[in-house]
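*Asks:* Please see the structure below; I have some questions.
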Amino acid sequence: VVVYRQAIQLEPTSRAFSYMGTALYWLGRHEESLDAFQTCVGLGPKDPFAWGTLGSAYRWTPGHEALAPAALDRAIALMRQHLERDPGRAEDWANQALWLVNRGLEHEAAAAIERAIALPSFDLNCMAIAGGVCHLLGRRGEALRWFREAVSLGYGVTRLEKNPALEGLRDDPEFSRILGGARLSPEGAYRIPSGNGGESRPPDIAPSGSVRFLA
């Protein structure tokens with residue numbers, strides 16, 4: 001958090017505030033994270049990831065749930081425009097699927113995640129998001145398969161453990177085995193996955209600096 005604050009002092013960009021909000025969120029400082037995400041949207045009002053991250057944070061912060069739909073709808077609309085111009089990034093389709101499923105648009109969400117899976121750029125961040133989407137669609141077997149694959153490739157299990165969207169899997173024996181197996185690795189619980197091009201990014205979270213897989 002200190003590093004992000006220093007970065008903001010040097011250059012108060014939308015991405016810097018997104019990283020700050022992400023760090024604060026996973027530290028449990030949710031109200032502070034919302035302030036950062038709101039600033040992020042103000043600095044990047046046409047960035048779908050900024051809106052998606054804010055909507056996801058609203059959804060899982062008590063007392064702010066009613067604000068989530070408008071932010072998620074804005075994220076979906078902006079991403080649709082982007083995908084019409086450039087449909088080639090798996091990360092974009094995966095996040096669109098996540099936002100769609102959170103708005104109850106399950107058919108569209110399923111189609112979007114399939115588009116993501118079919119692309120060469122489908123990486124471990126996308127696998128984690130696919131697991132979340134499949135879980136929210138009620139497709140347990142597929143969800144566990146994607147989580148297992150993501151973790152085996154180095155996706156940090158701490159975020160899966162803390163993700164409120166996965167509360168329904170907390171008592172699932174197979175999910176527990178996936179997380180437990182990763183903890184046997186000295187890096188398994190802490191490794192930060194890299195997005196396309198090798199840049200380390202936080203999750204819906206996620207790219208453009210958004211909360212990586214926060215459903």
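Starting from 1 in every chain, residues are counted up; chains themselves are A, B, ... following the order of the structure tokens, and ligands are numbered from 1 as listed.
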Using only C-alpha atoms, which protein or nucleic acid residues come within 12 Å of Ser176 of chain A? Drop anything in the same chain fewer than 5 positions from it, and give the result as a VMD selection string.
*Replies:* chain A and resid 144 147 to 148 157 160 to 161 166 168 to 171 181 to 183
*Asks:* For C-alpha atoms, I'd like the residues from the last selection saved as a PDB file, in the first residue's frame.
*Replies:*
ATOM      1  CA  LEU A 144     -13.037 -26.867 -10.057  1.00  0.00           C
ATOM      2  CA  PHE A 147      -9.270 -23.533 -10.461  1.00  0.00           C
ATOM      3  CA  ARG A 148      -7.109 -26.647 -10.372  1.00  0.00           C
ATOM      4  CA  VAL A 157      -4.512 -19.391  -3.624  1.00  0.00           C
ATOM      5  CA  LEU A 160      -9.271 -17.772  -3.940  1.00  0.00           C
ATOM      6  CA  GLU A 161      -9.510 -18.274  -0.196  1.00  0.00           C
ATOM      7  CA  LEU A 166     -16.503 -18.405  -3.701  1.00  0.00           C
ATOM      8  CA  GLY A 168     -20.261 -21.593  -1.659  1.00  0.00           C
ATOM      9  CA  LEU A 169     -17.104 -23.633  -2.286  1.00  0.00           C
ATOM     10  CA  ARG A 170     -15.539 -23.172   1.141  1.00  0.00           C
ATOM     11  CA  ASP A 171     -16.804 -26.548   2.378  1.00  0.00           C
ATOM     12  CA  GLY A 181      -2.056 -28.920  -2.567  1.00  0.00           C
ATOM     13  CA  ALA A 182      -0.857 -25.455  -3.559  1.00  0.00           C
ATOM     14  CA  ARG A 183       0.089 -24.647   0.029  1.00  0.00           C
TER      15      ARG A 183
END
*Asks:* Output as an NGL selection string all residues of segment 48-149 of chain A that backbone DSSP marks as alpha helix (DSSP H).
*Replies:* :A and (48-59 or 68-85 or 90-102 or 106-117 or 124-136 or 140-149)
*Asks:* Would you compute the distance between atom CA of Thr22 of chain A and atom CA of Leu72 of chain A? Give it in Å to one decimal.
*Replies:*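 Here the two named atoms are 16.9 Å from each other.
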*Asks:* Which residue out of A:Leu124, A:Leu78, A:Ala110, A:Ile117 has the minimum interatomic distance to Arg139 of chain A when only C-alpha atoms are used?
*Replies:*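 Counting only C-alpha atoms, the residue closest to Arg139 of chain A is A:Ala110.
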*Asks:* Applying 12 Å and only C-alpha atoms, which residues near Ala109 of chain A remain after dropping the ones on its own chain fewer than 2 positions away? List them as a PyMOL selection string.
*Replies:* chain A and resi 76+93-107+111-116+129-130+132-137
*Asks:* For atom CA of Leu34 of chain A and atom CA of Phe17 of chain A, quote the distance in Å rounded to one decimal.
*Replies:* 10.2 Å
*Asks:* So the first atom is atom CA of Leu179 of chain A and the second is atom CA of Thr158 of chain A; what is the distance between them in Å, to one decimal place?
*Replies:*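 Going from atom CA of Leu179 of chain A over to atom CA of Thr158 of chain A covers 8.7 Å.
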*Asks:* Of the candidates A:Ala128, A:Thr13, A:His30, A:Tyr4, which shows the shortest atom-to-atom distance to Arg159 of chain A, using only C-alpha atoms?
*Replies:*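 The shortest atom-to-atom distance to Arg159 of chain A comes from A:Ala128.
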*Asks:* I'd like the neighbourhood of Gly42 of chain A as a JSON list (two decimals) with all heavy atoms, in the first residue's frame, where a residue qualifies if any of its atoms comes within 10 Å (using only C-alpha atoms), though same-chain residues fewer than 6 positions away should be ignored.
*Replies:*
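part_30.json was written with the following content:
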[["chain", "number", "residue", "atom", "x", "y", "z"],
["A", 14, "SER", "N", -5.27, 6.52, -13.31],
["A", 14, "SER", "CA", -6.36, 5.59, -13.05],
["A", 14, "SER", "C", -5.81, 4.24, -12.61],
["A", 14, "SER", "O", -6.31, 3.63, -11.66],
["A", 14, "SER", "CB", -7.22, 5.44, -14.31],
["A", 14, "SER", "OG", -8.22, 4.46, -14.13],
["A", 36, "ALA", "N", -10.72, 4.54, -3.56],
["A", 36, "ALA", "CA", -9.71, 4.45, -4.62],
["A", 36, "ALA", "C", -10.35, 4.06, -5.95],
["A", 36, "ALA", "O", -10.02, 4.63, -7.00],
["A", 36, "ALA", "CB", -8.64, 3.43, -4.23],
["A", 50, "ALA", "N", -12.25, -0.30, -15.03],
["A", 50, "ALA", "CA", -12.45, 0.57, -13.87],
["A", 50, "ALA", "C", -13.87, 0.42, -13.35],
["A", 50, "ALA", "O", -14.10, 0.29, -12.14],
["A", 50, "ALA", "CB", -12.16, 2.02, -14.27],
["A", 51, "TRP", "N", -14.85, 0.42, -14.26],
["A", 51, "TRP", "CA", -16.25, 0.27, -13.85],
["A", 51, "TRP", "C", -16.52, -1.13, -13.31],
["A", 51, "TRP", "O", -17.27, -1.30, -12.34],
["A", 51, "TRP", "CB", -17.17, 0.58, -15.02],
["A", 51, "TRP", "CG", -17.28, 2.04, -15.32],
["A", 51, "TRP", "CD1", -16.68, 2.73, -16.33],
["A", 51, "TRP", "CD2", -18.06, 3.00, -14.59],
["A", 51, "TRP", "NE1", -17.02, 4.07, -16.27],
["A", 51, "TRP", "CE2", -17.87, 4.25, -15.22],
["A", 51, "TRP", "CE3", -18.89, 2.92, -13.47],
["A", 51, "TRP", "CZ2", -18.49, 5.42, -14.77],
["A", 51, "TRP", "CZ3", -19.52, 4.08, -13.01],
["A", 51, "TRP", "CH2", -19.31, 5.31, -13.66]]
*Asks:* Would you mind telling me which residue in A:Met127, A:Val3, A:Met20, A:Val41 lies nearest to Val151 of chain A when using only C-alpha atoms?
*Replies:* A:Met127
